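Student: Sharing data.pdb below, PDB, C-alpha atoms:
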ATOM      1  CA  MET H   1     117.513 140.968 112.205
ATOM      2  CA  LEU H   2     119.204 144.255 111.308
ATOM      3  CA  LYS H   3     121.244 142.524 108.593
ATOM      4  CA  GLU H   4     118.095 141.081 107.046
ATOM      5  CA  LEU H   5     116.352 144.471 107.164
ATOM      6  CA  ARG H   6     119.276 146.059 105.316
ATOM      7  CA  THR H   7     119.014 143.323 102.689
ATOM      8  CA  LEU H   8     115.267 143.987 102.349
ATOM      9  CA  LEU H   9     116.056 147.667 101.750
ATOM     10  CA  ALA H  10     118.560 146.684  99.085
ATOM     11  CA  VAL H  11     115.946 144.548  97.314
ATOM     12  CA  GLY H  12     113.518 147.469  97.440
ATOM     13  CA  ARG H  13     116.186 149.813  96.082
ATOM     14  CA  TYR H  14     117.509 147.587  93.272
ATOM     15  CA  GLY H  15     114.242 145.866  92.367
ATOM     16  CA  SER H  16     115.312 142.206  92.410
ATOM     17  CA  PHE H  17     117.235 139.658  94.505
ATOM     18  CA  SER H  18     120.017 139.317  91.947
ATOM     19  CA  ARG H  19     120.601 143.056  91.455
ATOM     20  CA  ALA H  20     120.394 143.616  95.212
ATOM     21  CA  GLY H  21     123.055 140.944  95.731
ATOM     22  CA  THR H  22     125.337 142.602  93.227
ATOM     23  CA  GLY H  23     124.779 145.977  94.852
ATOM     24  CA  VAL H  24     125.639 144.849  98.393
ATOM     25  CA  GLY H  25     128.167 142.141  97.593
ATOM     26  CA  LEU H  26     126.045 139.022  98.231
ATOM     27  CA  THR H  27     125.053 136.110  96.068
ATOM     28  CA  GLN H  28     121.435 135.839  94.986
ATOM     29  CA  SER H  29     121.038 132.709  97.138
ATOM     30  CA  ALA H  30     122.359 134.598 100.188
ATOM     31  CA  VAL H  31     119.847 137.400  99.582
ATOM     32  CA  SER H  32     117.065 134.833  99.206
ATOM     33  CA  ALA H  33     118.100 133.070 102.430
ATOM     34  CA  GLN H  34     118.130 136.344 104.399
ATOM     35  CA  ILE H  35     114.702 137.353 103.120
ATOM     36  CA  GLN H  36     113.363 133.901 104.022
ATOM     37  CA  ARG H  37     114.756 134.209 107.559
ATOM     38  CA  LEU H  38     113.152 137.633 107.886
ATOM     39  CA  GLU H  39     109.769 136.307 106.743
ATOM     40  CA  GLU H  40     110.000 133.370 109.157
ATOM     41  CA  SER H  41     110.850 135.726 112.007
ATOM     42  CA  LEU H  42     107.969 138.069 111.190
ATOM     43  CA  GLY H  43     105.478 135.284 110.572
ATOM     44  CA  PHE H  44     104.203 136.512 107.216
ATOM     45  CA  ALA H  45     105.349 136.716 103.588
ATOM     46  CA  LEU H  46     106.852 139.913 102.225
ATOM     47  CA  PHE H  47     106.930 138.838  98.581
ATOM     48  CA  ASP H  48     104.525 137.231  96.122
ATOM     49  CA  ARG H  49     106.513 134.568  94.319
ATOM     50  CA  ILE H  50     105.486 133.760  90.745
ATOM     51  CA  GLY H  51     107.769 131.207  89.194
ATOM     52  CA  ARG H  52     111.321 132.496  89.646
ATOM     53  CA  ARG H  53     110.145 136.074  90.202
ATOM     54  CA  ALA H  54     109.491 137.673  93.591
ATOM     55  CA  GLN H  55     107.521 140.908  93.962
ATOM     56  CA  LEU H  56     106.879 142.889  97.149
ATOM     57  CA  ASN H  57     103.305 142.423  98.355
ATOM     58  CA  ALA H  58     101.298 144.891 100.468
ATOM     59  CA  ALA H  59     102.855 143.639 103.712
ATOM     60  CA  GLY H  60     106.291 143.893 102.135
ATOM     61  CA  GLN H  61     105.681 147.490 101.056
ATOM     62  CA  GLU H  62     104.675 148.422 104.598
ATOM     63  CA  MET H  63     107.623 146.533 106.071
ATOM     64  CA  LEU H  64     109.940 148.374 103.682
ATOM     65  CA  VAL H  65     108.819 151.670 105.263
ATOM     66  CA  ARG H  66     109.309 150.263 108.771
ATOM     67  CA  ALA H  67     112.716 148.867 107.847
ATOM     68  CA  GLN H  68     113.832 152.306 106.665
ATOM     69  CA  GLU H  69     112.728 153.790 109.985
ATOM     70  CA  LEU H  70     114.372 151.055 112.097
ATOM     71  CA  VAL H  71     117.673 151.161 110.223
ATOM     72  CA  ALA H  72     117.708 154.969 110.394
ATOM     73  CA  LEU H  73     117.068 154.837 114.146
ATOM     74  CA  PHE H  74     119.880 152.314 114.633
ATOM     75  CA  ASP H  75     122.279 154.363 112.533
ATOM     76  CA  GLY H  76     121.252 157.415 114.547
ATOM     77  CA  LEU H  77     122.600 155.787 117.713
ATOM     78  CA  HIS H  78     126.095 156.534 116.420
ATOM     79  CA  ARG H  79     125.370 160.261 116.143
ATOM     80  CA  PRO H  80     125.205 162.830 118.954
ATOM     81  CA  LEU H  81     121.638 163.112 120.281
ATOM     82  CA  ARG H  82     121.210 166.625 118.934
ATOM     83  CA  THR H  83     121.684 165.366 115.370
ATOM     84  CA  ALA H  84     119.560 162.223 115.654
ATOM     85  CA  LEU H  85     116.918 161.876 112.987
ATOM     86  CA  PRO H  86     113.538 163.257 114.132
ATOM     87  CA  SER H  87     110.518 160.978 114.215
ATOM     88  CA  VAL H  88     107.418 161.918 112.194
ATOM     89  CA  LEU H  89     103.982 161.207 113.641
ATOM     90  CA  ARG H  90     101.162 161.250 111.089
ATOM     91  CA  VAL H  91      97.761 161.861 112.687
ATOM     92  CA  GLY H  92      94.412 162.530 111.064
ATOM     93  CA  ALA H  93      92.033 164.792 112.981
ATOM     94  CA  ILE H  94      88.529 166.121 112.384
ATOM     95  CA  ALA H  95      88.155 169.911 112.384
ATOM     96  CA  SER H  96      86.644 170.273 115.865
ATOM     97  CA  VAL H  97      89.486 168.283 117.464
ATOM     98  CA  GLN H  98      92.145 170.282 115.606
ATOM     99  CA  ALA H  99      90.783 173.427 117.224
ATOM    100  CA  HIS H 100      90.663 171.844 120.684
ATOM    101  CA  PRO H 101      92.116 169.882 122.492
ATOM    102  CA  LEU H 102      94.684 168.595 119.976
ATOM    103  CA  PRO H 103      97.074 171.593 120.225
ATOM    104  CA  ASP H 104      97.406 171.219 124.008
ATOM    105  CA  ALA H 105      97.871 167.462 123.652
ATOM    106  CA  LEU H 106     100.639 167.883 121.058
ATOM    107  CA  VAL H 107     102.551 170.218 123.376
ATOM    108  CA  ALA H 108     102.384 167.569 126.115
ATOM    109  CA  VAL H 109     103.500 164.760 123.780
ATOM    110  CA  ARG H 110     106.461 166.727 122.435
ATOM    111  CA  ALA H 111     107.595 167.379 125.995
ATOM    112  CA  GLY H 112     108.176 163.636 126.293
ATOM    113  CA  TYR H 113     109.479 163.240 122.715
ATOM    114  CA  PRO H 114     111.466 166.431 121.984
ATOM    115  CA  LEU H 115     112.567 165.255 118.522
ATOM    116  CA  LEU H 116     109.043 164.326 117.445
ATOM    117  CA  ARG H 117     107.622 166.018 114.362
ATOM    118  CA  ALA H 118     103.841 165.842 114.058
ATOM    119  CA  ARG H 119     101.986 166.088 110.759
ATOM    120  CA  ILE H 120      98.268 166.694 111.321
ATOM    121  CA  VAL H 121      96.146 165.661 108.353
ATOM    122  CA  PRO H 122      92.667 167.194 107.947
ATOM    123  CA  GLY H 123      89.757 165.156 106.699
ATOM    124  CA  VAL H 124      86.569 163.303 107.602
ATOM    125  CA  SER H 125      86.144 160.223 109.756
ATOM    126  CA  LEU H 126      85.236 157.806 106.946
ATOM    127  CA  GLY H 127      88.334 158.741 104.956
ATOM    128  CA  PHE H 128      90.565 158.386 108.007
ATOM    129  CA  LEU H 129      89.589 154.718 108.437
ATOM    130  CA  GLY H 130      91.021 153.819 105.052
ATOM    131  CA  GLN H 131      94.149 155.924 105.560
ATOM    132  CA  VAL H 132      94.934 154.320 108.933
ATOM    133  CA  ASP H 133      94.198 150.837 107.580
ATOM    134  CA  ALA H 134      96.563 151.461 104.634
ATOM    135  CA  GLY H 135      99.343 152.751 106.907
ATOM    136  CA  GLU H 136      99.169 156.262 105.441
ATOM    137  CA  LEU H 137      98.371 157.568 108.941
ATOM    138  CA  ASP H 138      99.661 156.315 112.281
ATOM    139  CA  ALA H 139      96.308 157.108 113.894
ATOM    140  CA  ALA H 140      93.259 159.360 113.572
ATOM    141  CA  VAL H 141      91.107 161.260 116.060
ATOM    142  CA  MET H 142      87.575 161.028 114.752
ATOM    143  CA  VAL H 143      83.900 160.228 115.349
ATOM    144  CA  ARG H 144      83.143 156.592 116.111
ATOM    145  CA  PRO H 145      81.492 154.882 113.122
ATOM    146  CA  HIS H 146      78.087 153.202 113.350
ATOM    147  CA  PHE H 147      79.553 149.931 112.022
ATOM    148  CA  ALA H 148      82.206 147.516 113.261
ATOM    149  CA  LEU H 149      85.821 148.394 112.529
ATOM    150  CA  PRO H 150      87.986 146.157 110.340
ATOM    151  CA  PRO H 151      89.764 143.517 112.473
ATOM    152  CA  GLU H 152      93.159 145.157 111.873
ATOM    153  CA  LEU H 153      92.075 148.392 113.568
ATOM    154  CA  VAL H 154      91.593 149.298 117.240
ATOM    155  CA  TRP H 155      89.192 151.915 118.655
ATOM    156  CA  ARG H 156      90.309 153.828 121.780
ATOM    157  CA  PRO H 157      87.548 156.007 123.294
ATOM    158  CA  LEU H 158      88.323 159.582 124.321
ATOM    159  CA  TRP H 159      85.080 161.407 125.224
ATOM    160  CA  SER H 160      81.438 161.832 124.230
ATOM    161  CA  GLU H 161      79.726 165.004 123.007
ATOM    162  CA  PRO H 162      75.965 165.353 123.552
ATOM    163  CA  PHE H 163      73.952 167.117 120.855
ATOM    164  CA  VAL H 164      71.960 170.280 121.481
ATOM    165  CA  LEU H 165      69.500 172.164 119.314
ATOM    166  CA  ALA H 166      71.052 175.438 118.128
ATOM    167  CA  VAL H 167      68.312 178.049 117.659
ATOM    168  CA  PRO H 168      68.413 181.710 116.536
ATOM    169  CA  ARG H 169      68.062 183.844 119.655
ATOM    170  CA  HIS H 170      65.067 185.712 118.259
ATOM    171  CA  VAL H 171      63.086 182.488 117.739
ATOM    172  CA  ARG H 172      60.800 181.859 120.688
ATOM    173  CA  GLY H 173      60.109 178.576 122.444
ATOM    174  CA  SER H 174      62.085 175.877 124.242
ATOM    175  CA  ASP H 175      60.267 172.739 123.073
ATOM    176  CA  TRP H 176      62.946 171.179 120.861
ATOM    177  CA  ARG H 177      60.496 168.768 119.233
ATOM    178  CA  ALA H 178      58.177 171.599 118.238
ATOM    179  CA  LEU H 179      61.058 173.724 116.969
ATOM    180  CA  LEU H 180      62.439 170.864 114.851
ATOM    181  CA  GLY H 181      59.035 170.350 113.291
ATOM    182  CA  ARG H 182      58.377 174.070 112.744
ATOM    183  CA  GLU H 183      61.641 175.747 111.745
ATOM    184  CA  PRO H 184      63.815 175.144 108.645
ATOM    185  CA  PHE H 185      66.303 172.376 109.450
ATOM    186  CA  LEU H 186      70.046 172.796 108.908
ATOM    187  CA  ARG H 187      71.247 169.212 108.701
ATOM    188  CA  TYR H 188      74.584 167.740 109.755
ATOM    189  CA  ASP H 189      75.692 165.848 106.618
ATOM    190  CA  ARG H 190      74.262 162.318 106.592
ATOM    191  CA  GLY H 191      77.438 161.081 104.923
ATOM    192  CA  SER H 192      79.368 161.774 108.134
ATOM    193  CA  PHE H 193      79.289 159.509 111.178
ATOM    194  CA  GLY H 194      77.896 162.302 113.381
ATOM    195  CA  GLY H 195      75.291 163.209 110.771
ATOM    196  CA  ARG H 196      74.265 159.580 110.557
ATOM    197  CA  ARG H 197      73.585 159.625 114.319
ATOM    198  CA  VAL H 198      71.332 162.668 113.837
ATOM    199  CA  ALA H 199      69.436 160.970 111.007
ATOM    200  CA  GLN H 200      68.902 157.829 113.095
ATOM    201  CA  PHE H 201      67.713 159.926 116.029
ATOM    202  CA  LEU H 202      65.137 161.833 113.977
ATOM    203  CA  GLU H 203      63.853 158.585 112.496
ATOM    204  CA  ALA H 204      63.606 156.882 115.899
ATOM    205  CA  GLU H 205      61.770 159.898 117.361
ATOM    206  CA  ALA H 206      59.471 160.073 114.294
ATOM    207  CA  ILE H 207      60.295 163.764 113.814
ATOM    208  CA  ALA H 208      59.695 165.121 110.310
ATOM    209  CA  VAL H 209      61.941 168.071 109.468
ATOM    210  CA  ASP H 210      61.960 170.641 106.691
ATOM    211  CA  ASP H 211      65.495 170.326 105.275
ATOM    212  CA  ALA H 212      66.928 173.662 104.175
ATOM    213  CA  VAL H 213      70.709 173.085 104.087
ATOM    214  CA  GLU H 214      72.890 169.991 104.564
ATOM    215  CA  MET H 215      76.619 170.340 105.252
ATOM    216  CA  ASP H 216      79.439 168.627 107.145
ATOM    217  CA  GLU H 217      81.075 171.697 108.711
ATOM    218  CA  ILE H 218      79.643 172.303 112.191
ATOM    219  CA  ALA H 219      80.985 175.849 112.338
ATOM    220  CA  GLY H 220      79.091 176.560 109.110
ATOM    221  CA  LEU H 221      75.858 175.178 110.550
ATOM    222  CA  ILE H 222      76.196 177.368 113.633
ATOM    223  CA  ARG H 223      76.888 180.400 111.439
ATOM    224  CA  LEU H 224      73.724 179.672 109.447
ATOM    225  CA  VAL H 225      71.750 179.528 112.695
ATOM    226  CA  ALA H 226      73.275 182.863 113.730
ATOM    227  CA  CYS H 227      72.060 184.311 110.423
ATOM    228  CA  GLY H 228      68.528 183.123 111.197
ATOM    229  CA  ALA H 229      68.436 180.458 108.467
ATOM    230  CA  GLY H 230      66.992 177.734 110.716
ATOM    231  CA  VAL H 231      67.798 175.364 113.560
ATOM    232  CA  ALA H 232      70.485 172.661 113.765
ATOM    233  CA  LEU H 233      71.372 169.668 115.918
ATOM    234  CA  VAL H 234      75.059 170.126 116.715
ATOM    235  CA  PRO H 235      77.479 168.385 119.123
ATOM    236  CA  ARG H 236      78.478 170.361 122.189
ATOM    237  CA  CYS H 237      82.237 170.580 121.742
ATOM    238  CA  LYS H 238      84.790 173.068 123.021
ATOM    239  CA  ALA H 239      85.735 174.225 119.534
ATOM    240  CA  TYR H 240      82.310 175.866 118.975
ATOM    241  CA  PHE H 241      81.093 176.687 122.486
ATOM    242  CA  PRO H 242      80.185 179.139 123.835
ATOM    243  CA  LEU H 243      77.924 179.845 120.873
ATOM    244  CA  PRO H 244      77.724 183.237 119.146
ATOM    245  CA  ARG H 245      75.449 185.709 120.916
ATOM    246  CA  GLU H 246      72.877 185.359 118.104
ATOM    247  CA  VAL H 247      72.442 181.650 118.944
ATOM    248  CA  ARG H 248      71.092 179.818 121.982
ATOM    249  CA  ALA H 249      71.285 176.116 122.783
ATOM    250  CA  ILE H 250      68.404 173.927 123.936
ATOM    251  CA  GLY H 251      69.227 170.636 125.666
ATOM    252  CA  LEU H 252      67.526 167.452 124.490
ATOM    253  CA  GLN H 253      66.680 166.096 127.978
ATOM    254  CA  ARG H 254      68.181 162.622 128.228
ATOM    255  CA  SER H 255      67.606 161.887 124.557
ATOM    256  CA  GLY H 256      70.832 159.871 124.302
ATOM    257  CA  LEU H 257      71.863 161.687 121.123
ATOM    258  CA  GLU H 258      75.639 162.090 121.231
ATOM    259  CA  ARG H 259      78.734 161.361 119.199
ATOM    260  CA  GLU H 260      81.748 159.517 120.585
ATOM    261  CA  ILE H 261      85.193 160.878 119.810
ATOM    262  CA  GLY H 262      88.060 158.424 119.868
ATOM    263  CA  LEU H 263      91.375 157.424 118.404
ATOM    264  CA  VAL H 264      91.725 154.673 115.804
ATOM    265  CA  GLU H 265      95.032 152.938 115.041
ATOM    266  CA  ARG H 266      96.322 149.647 113.684
ATOM    267  CA  LYS H 267      96.850 146.817 116.184
ATOM    268  CA  ARG H 268     100.608 146.895 115.572
ATOM    269  CA  HIS H 269     102.655 149.742 114.150
ATOM    270  CA  ALA H 270     105.949 151.548 114.662
ATOM    271  CA  ARG H 271     104.514 154.567 116.496
ATOM    272  CA  MET H 272     102.566 152.823 119.263
ATOM    273  CA  PRO H 273     104.399 154.523 122.207
ATOM    274  CA  GLN H 274     103.852 158.001 120.742
ATOM    275  CA  ILE H 275     100.194 157.292 119.927
ATOM    276  CA  ASP H 276      99.673 155.965 123.456
ATOM    277  CA  ALA H 277     101.126 159.230 124.779
ATOM    278  CA  LEU H 278      98.852 161.226 122.449
ATOM    279  CA  HIS H 279      95.783 159.310 123.650
ATOM    280  CA  LYS H 280      96.591 160.065 127.286
ATOM    281  CA  ALA H 281      97.373 163.712 126.512
ATOM    282  CA  LEU H 282      94.086 164.201 124.629
ATOM    283  CA  ARG H 283      92.081 162.803 127.532
ATOM    284  CA  ALA H 284      93.944 165.001 130.002
ATOM    285  CA  ALA H 285      93.551 168.151 127.879
ATOM    286  CA  HIS H 286      89.817 167.501 127.455
ATOM    287  CA  ARG H 287      89.328 167.023 131.206
ATOM    288  CA  GLN H 288      91.319 170.142 132.047
ATOM    289  CA  ALA H 289      89.197 172.235 129.705
ATOM    290  CA  GLY H 290      86.081 171.184 131.606
ATOM    291  CA  ALA H 291      84.308 170.225 128.380
ATOM    292  CA  THR H 292      80.901 168.576 128.669
ATOM    293  CA  ARG H 293      81.123 164.811 128.425
TER     294      ARG H 293
END
Represent the supplied structure as structure tokens.
Tutor:
Amino acid sequence: MLKELRTLLAVGRYGSFSRAGTGVGLTQSAVSAQIQRLEESLGFALFDRIGRRAQLNAAGQEMLVRAQELVALFDGLHRPLRTALPSVLRVGAIASVQAHPLPDALVAVRAGYPLLRARIVPGVSLGFLGQVDAGELDAAVMVRPHFALPPELVWRPLWSEPFVLAVPRHVRGSDWRALLGREPFLRYDRGSFGGRRVAQFLEAEAIAVDDAVEMDEIAGLIRLVACGAGVALVPRCKAYFPLPREVRAIGLQRSGLEREIGLVERKRHARMPQIDALHKALRAAHRQAGATR
């Protein structure tokens, strides 16, 4: 298949079967035959054929990237190990995971893949779904959505984070229902998956709140609480706990309000072994930190 992959790269480089043939010393029919064999082997079409023209489709564009990686890896076998081409792992991660436990997990993964280069992409969970689905990211560590994933994607659970009510230390009382109804509410953005869980919880519990601020950044919400601006329902995660001394946390007593953190990836992609190692390393790092599940 290596020969066919090189021919696919030539077509991508030269823009057509005929020009690719001229560039690599093959006839157009030979190029066409190799591409057809490659498609039959893969089980899907790489080109949209309109009349006598053939244009790379979405699957072909993705396969072109994979072919470049595979051919580069094969060519790297002829070089000394120290000069082999490094592999790049593209991972999206929400802010709280970037702070912890992702750094520890990356150290563990690179111990098994010394040549691995990791590119961590910031963002929000909803955006990561589209980036992973499009192949722009190999995987993303994010909050589980409240809807079913596209069939091409796989969800791999990591841990759960229960919510607590963050309250200014000077505010008296421990009845979280009463505090939510009485104090200004600092809301976790309803456009986020975690914020959506909060909104559903308040609706199910029939709790009316006085919205003061709505934002996606959990650290910002906690800072607002520390400044005495109101109360906030926030996930208990290692990145933000222990809380500042100006803030105390009130548990919600078996309320069931939590957000699930997991890893989403495509069902088949070129970085599956590295992503599997990252998944295991994240779980191990989270357990070792003794974070609340």
Student: Evaluating the PyMOL selection byres ((chain H and resi 122-129) around 7) on the displayed file yields which residues, as number ranges by chain?
Tutor: H: 92-95, 120-121, 130-133, 140, 142-143
Student: In terms of the shortest atom-to-atom distance over all atoms listed in the file, which of H:Gly194, H:Gly262, H:Pro150, H:Gly173 is closest to Ile250 of chain H?
Tutor: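 Result for the nearest residue to Ile250 of chain H: H:Gly173.
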Student: In Å, rounded to a single decimal, give me how far atom CA of Asp48 of chain H is from atom CA of Ala72 of chain H.
Tutor: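 Result for atom CA of Ala72 of chain H versus atom CA of Asp48 of chain H: 26.3 Å, one decimal.
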Student: What do you get, as a list in words, if you spell out every residue that the PyMOL selection byres ((chain H and resi 186) around 6) selects here?
Tutor: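 On this input, the PyMOL selection byres ((chain H and resi 186) around 6) captures Phe185, Arg187, Ala212, Val213, Glu214, Val231 and Ala232 of chain H.
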Student: Evaluate the PyMOL selection byres ((chain H and resi 18-28) around 12) on the structure here and hand back the selected residues as a list in words.
Tutor: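 Taken over the shown coordinates, the PyMOL selection byres ((chain H and resi 18-28) around 12) returns Lys3, Arg6, Thr7, Leu8, Leu9, Ala10, Val11, Gly12, Arg13, Tyr14, Gly15, Ser16, Phe17, Ser29, Ala30, Val31, Ser32, Ala33, Gln34, Ile35, Arg52, Arg53 and Ala54 of chain H.
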Student: Using atom CA of Leu64 of chain H and atom CA of Ala134 of chain H as the two end points, give the distance in Å to one decimal.
Tutor: 13.8 Å
